[in-house]
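File shown: work-v2.txt (compact mmCIF, C-alpha atoms).
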```
# COMPACT_ATOMS: atom_id res chain seq x y z
CA ALA A 83 56.06 29.32 156.56
CA ASP A 84 52.87 29.53 154.51
CA GLY A 85 52.90 33.34 154.40
CA LEU A 86 54.85 35.98 156.25
CA TYR A 87 57.91 34.45 157.93
CA GLN A 88 59.47 37.35 159.81
CA ARG A 89 58.77 40.99 160.60
CA VAL A 90 61.49 43.18 162.10
CA TRP A 91 61.08 46.70 163.48
CA ASN A 92 64.30 48.53 164.22
CA ALA A 93 64.77 52.00 165.71
CA GLN A 94 68.24 53.52 166.07
CA LEU A 95 69.77 56.81 167.05
CA GLY A 96 73.12 57.69 165.56
CA TYR A 97 75.91 60.19 165.79
CA ARG A 98 78.35 60.87 162.97
CA LEU A 99 81.88 61.11 164.37
CA ASN A 100 83.25 62.30 161.02
CA LYS A 101 82.39 61.94 157.32
CA ASN A 102 83.42 58.24 157.35
CA THR A 103 82.30 56.98 160.77
CA LEU A 104 78.87 56.58 162.37
CA ILE A 105 77.98 55.17 165.79
CA GLN A 106 74.43 54.02 166.60
CA ALA A 107 72.41 52.48 169.40
CA GLY A 108 68.97 51.00 169.03
CA TYR A 109 66.19 48.56 169.78
CA VAL A 110 64.80 45.70 167.64
CA ASP A 111 61.47 43.89 167.84
CA ALA A 112 61.68 40.71 165.69
CA ARG A 113 58.69 38.40 165.26
CA ASN A 114 58.73 35.04 163.46
CA TYR A 115 55.57 33.48 162.04
CA SER A 116 54.41 30.07 160.85
CA ASN A 117 51.04 29.50 159.19
CA GLY A 118 49.96 33.02 160.12
CA ARG A 119 50.74 32.67 163.86
CA ARG A 120 53.55 34.32 165.75
CA THR A 121 56.01 31.66 166.94
CA VAL A 122 58.85 33.74 168.40
CA LEU A 123 59.13 37.25 169.78
CA GLU A 124 62.73 38.37 170.16
CA ARG A 125 63.84 41.74 171.49
CA ARG A 126 67.32 43.16 171.03
CA LEU A 127 69.42 46.07 172.15
CA ARG A 128 72.20 46.84 169.69
CA GLN A 129 75.24 49.03 169.32
CA THR A 130 76.83 49.66 165.94
CA LEU A 131 79.99 51.20 164.50
CA THR A 132 80.03 51.77 160.72
CA THR A 133 83.04 53.15 158.89
CA THR A 134 84.14 53.60 155.29
CA LEU A 135 87.47 51.82 154.84
CA ALA A 136 88.27 52.87 151.27
CA ARG A 137 86.72 54.14 148.05
CA PRO A 138 87.89 51.75 145.32
CA TRP A 139 86.58 51.69 141.71
CA GLY A 140 84.28 54.68 142.28
CA GLY A 141 82.38 53.02 145.14
CA ALA A 142 82.68 52.67 148.92
CA LEU A 143 84.00 49.72 150.94
CA GLN A 144 82.42 49.75 154.41
CA LEU A 145 82.85 47.82 157.64
CA ARG A 146 80.05 47.49 160.21
CA LEU A 147 80.65 46.03 163.67
CA ARG A 148 77.60 45.34 165.80
CA SER A 149 77.01 43.93 169.27
CA GLU A 150 73.57 42.72 170.34
CA GLN A 151 71.91 41.70 173.58
CA ARG A 152 68.98 39.39 172.75
CA TRP A 153 66.12 38.00 174.84
CA ARG A 154 62.84 36.22 174.09
CA ASP A 155 59.39 36.29 175.62
CA GLY A 156 58.23 33.01 177.14
CA PRO A 157 59.28 30.53 179.80
CA ALA A 158 62.96 30.34 178.75
CA SER A 159 65.16 33.11 180.10
CA GLY A 160 68.60 34.54 179.64
CA THR A 161 70.26 37.23 177.59
CA GLY A 162 72.12 36.14 174.49
CA TRP A 163 75.18 38.19 173.58
CA ARG A 164 76.11 38.26 169.89
CA ALA A 165 78.73 39.97 167.70
CA ARG A 166 78.18 40.67 164.01
CA ALA A 167 80.69 41.86 161.41
CA LEU A 168 79.63 43.04 157.95
CA VAL A 169 81.75 44.08 154.95
CA ARG A 170 79.84 45.91 152.21
CA TYR A 171 80.74 47.40 148.84
CA ASN A 172 78.40 50.04 147.34
CA HIS A 173 78.76 51.24 143.75
CA PRO A 174 76.69 53.96 142.02
CA LEU A 175 74.64 52.74 139.04
CA GLY A 176 73.58 56.01 137.50
CA ARG A 177 72.16 59.02 139.33
CA LYS A 178 69.66 57.29 141.64
CA LEU A 179 70.56 53.59 141.90
CA THR A 180 73.34 52.05 143.97
CA GLY A 181 74.41 48.45 143.57
CA TYR A 182 75.69 46.56 146.60
CA VAL A 183 77.28 43.31 147.63
CA TRP A 184 77.98 42.30 151.23
CA HIS A 185 79.00 39.52 153.60
CA GLU A 186 78.06 39.26 157.30
CA SER A 187 79.12 36.74 159.95
CA PHE A 188 77.41 36.15 163.31
CA VAL A 189 79.20 34.88 166.44
CA ASN A 190 77.26 34.03 169.61
CA LEU A 191 79.24 34.85 172.75
CA ASN A 192 77.27 32.68 175.22
CA ASP A 193 74.62 29.96 175.62
CA THR A 194 71.04 30.65 176.71
CA SER A 195 68.18 28.49 177.99
CA TRP A 196 66.09 29.50 174.94
CA GLY A 197 68.54 27.93 172.50
CA GLN A 198 71.42 30.25 171.63
CA ARG A 199 74.70 28.31 171.48
CA SER A 200 78.10 29.99 171.67
CA GLY A 201 80.34 30.09 168.61
CA TRP A 202 80.00 30.92 164.93
CA GLU A 203 76.31 30.70 164.03
CA ARG A 204 75.63 32.00 160.53
CA MET A 205 76.76 33.94 157.51
CA ARG A 206 74.78 36.03 155.10
CA ASN A 207 75.79 37.09 151.61
CA ALA A 208 73.73 39.53 149.57
CA VAL A 209 73.63 41.36 146.28
CA GLY A 210 71.11 43.98 145.26
CA VAL A 211 70.14 47.51 144.38
CA GLN A 212 69.33 50.45 146.64
CA MET A 213 67.06 53.25 145.45
CA PRO A 214 65.49 56.36 146.95
CA LEU A 215 61.69 56.38 147.04
CA THR A 216 61.33 59.81 148.67
CA ARG A 217 63.71 62.23 150.37
CA HIS A 218 63.54 60.21 153.62
CA ILE A 219 62.70 56.67 152.45
CA ARG A 220 64.87 54.24 150.52
CA ALA A 221 64.37 50.67 149.34
CA ASP A 222 66.90 47.83 149.09
CA VAL A 223 65.84 45.05 146.72
CA GLY A 224 68.01 42.00 146.32
CA TYR A 225 68.96 38.39 146.87
CA LEU A 226 70.24 37.07 150.19
CA ASN A 227 71.82 33.68 150.86
CA GLN A 228 71.99 32.64 154.51
CA TYR A 229 73.93 29.66 155.82
CA LEU A 230 72.89 28.76 159.37
CA ARG A 231 74.64 26.29 161.67
CA ARG A 232 72.00 24.18 163.42
CA PRO A 233 72.32 21.22 165.78
CA GLY A 234 71.83 18.08 163.73
CA GLU A 235 71.51 19.70 160.32
CA ASP A 236 72.73 23.02 158.91
CA GLU A 237 70.35 25.21 156.93
CA ASP A 238 70.89 27.06 153.66
CA ALA A 239 68.25 29.65 152.73
CA HIS A 240 67.75 31.60 149.49
CA VAL A 241 65.76 34.78 150.09
CA ALA A 242 64.26 37.52 147.92
CA SER A 243 64.78 40.57 150.11
CA LEU A 244 63.02 43.91 150.38
CA ALA A 245 64.06 46.42 153.04
CA LEU A 246 62.57 49.88 153.54
CA SER A 247 64.58 52.43 155.50
CA VAL A 248 63.32 55.74 156.87
CA SER A 249 65.75 58.38 158.13
CA TRP A 250 65.67 62.02 159.12
```
Here is the file; what I need is its structure written in the form of structure tokens.
Amino acid sequence: ADGLYQRVWNAQLGYRLNKNTLIQAGYVDARNYSNGRRTVLERRLRQTLTTTLARPWGGALQLRLRSEQRWRDGPASGTGWRARALVRYNHPLGRKLTGYVWHESFVNLNDTSWGQRSGWERMRNAVGVQMPLTRHIRADVGYLNQYLRRPGEDEDAHVASLALSVSW
């Protein structure tokens, strides 16, 4: 990509149903770049259910189910519907650090004129550490492996990942 590959802005509003379950709805603006130029602008509406399934070995095993409606700017049209399921285990590493490991699968529910094809599309596996930076900001630093099903040739990516989250 010769520089920044992707920038994602995500805003969500959530409501905690109980101490273990959170529902959220939000909007995503995702921009891909190549050689310093924006190549794709994708917008998404998303709905999410996150729940803690169990608390084994002093940590928390969570399940996140997400549905997304995706569309892109440009001549191609259509709304892509996608389902995502994530299983995550968080484990405290001292007072301020939390280690994590997770797996996520993506399933496209329809075809679009801009290139989405129905069926299983990708999986992501990650391991890393989460740490608070301030009262409202946290950082996730880790390694992500993404396997992507592509027409003609599948893609396997190894990614150093940094995510900053702000919440009130």
_Near-stretch 169-183 of chain A list (8 Å; all atoms listed in the file; drop same-chain fewer than 2 positions) as a list in words_ =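 Once the nearby chain positions are removed, what remains is Gly140, Gly141, Ala142, Leu143, Gln144, Leu145, Arg146, Ala167, His185, Glu186, Asn207, Ala208, Val209, Gly210, Val211, Gln212, Met213 and Pro214 of chain A.
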*For atom CA of A:Asn227 and atom CA of A:Ala239, the interatomic separation in Å (one decimal)*: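 So the two atoms, atom CA of A:Asn227 and atom CA of A:Ala239, lie 5.7 Å apart.
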_Env of A:Gly108: 8 Å cut, atoms = all atoms listed in the file, seq-sep filter 6 positions within chain, self excluded. Answer as a PyMOL selection string._
chain A and resi 92-95+127-129
*Please, what distance in Å, to one decimal, runs between atom CA of A:Leu226 and atom CA of A:Val241?*
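Atom CA of A:Val241 lies at a distance of 5.0 Å from atom CA of A:Leu226.
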*What is the distance between atom CA of A:Ala107 and atom CA of A:Tyr225, in Å to one decimal?*
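Computed distance, atom CA of A:Ala107 to atom CA of A:Tyr225, equals 26.8 Å.
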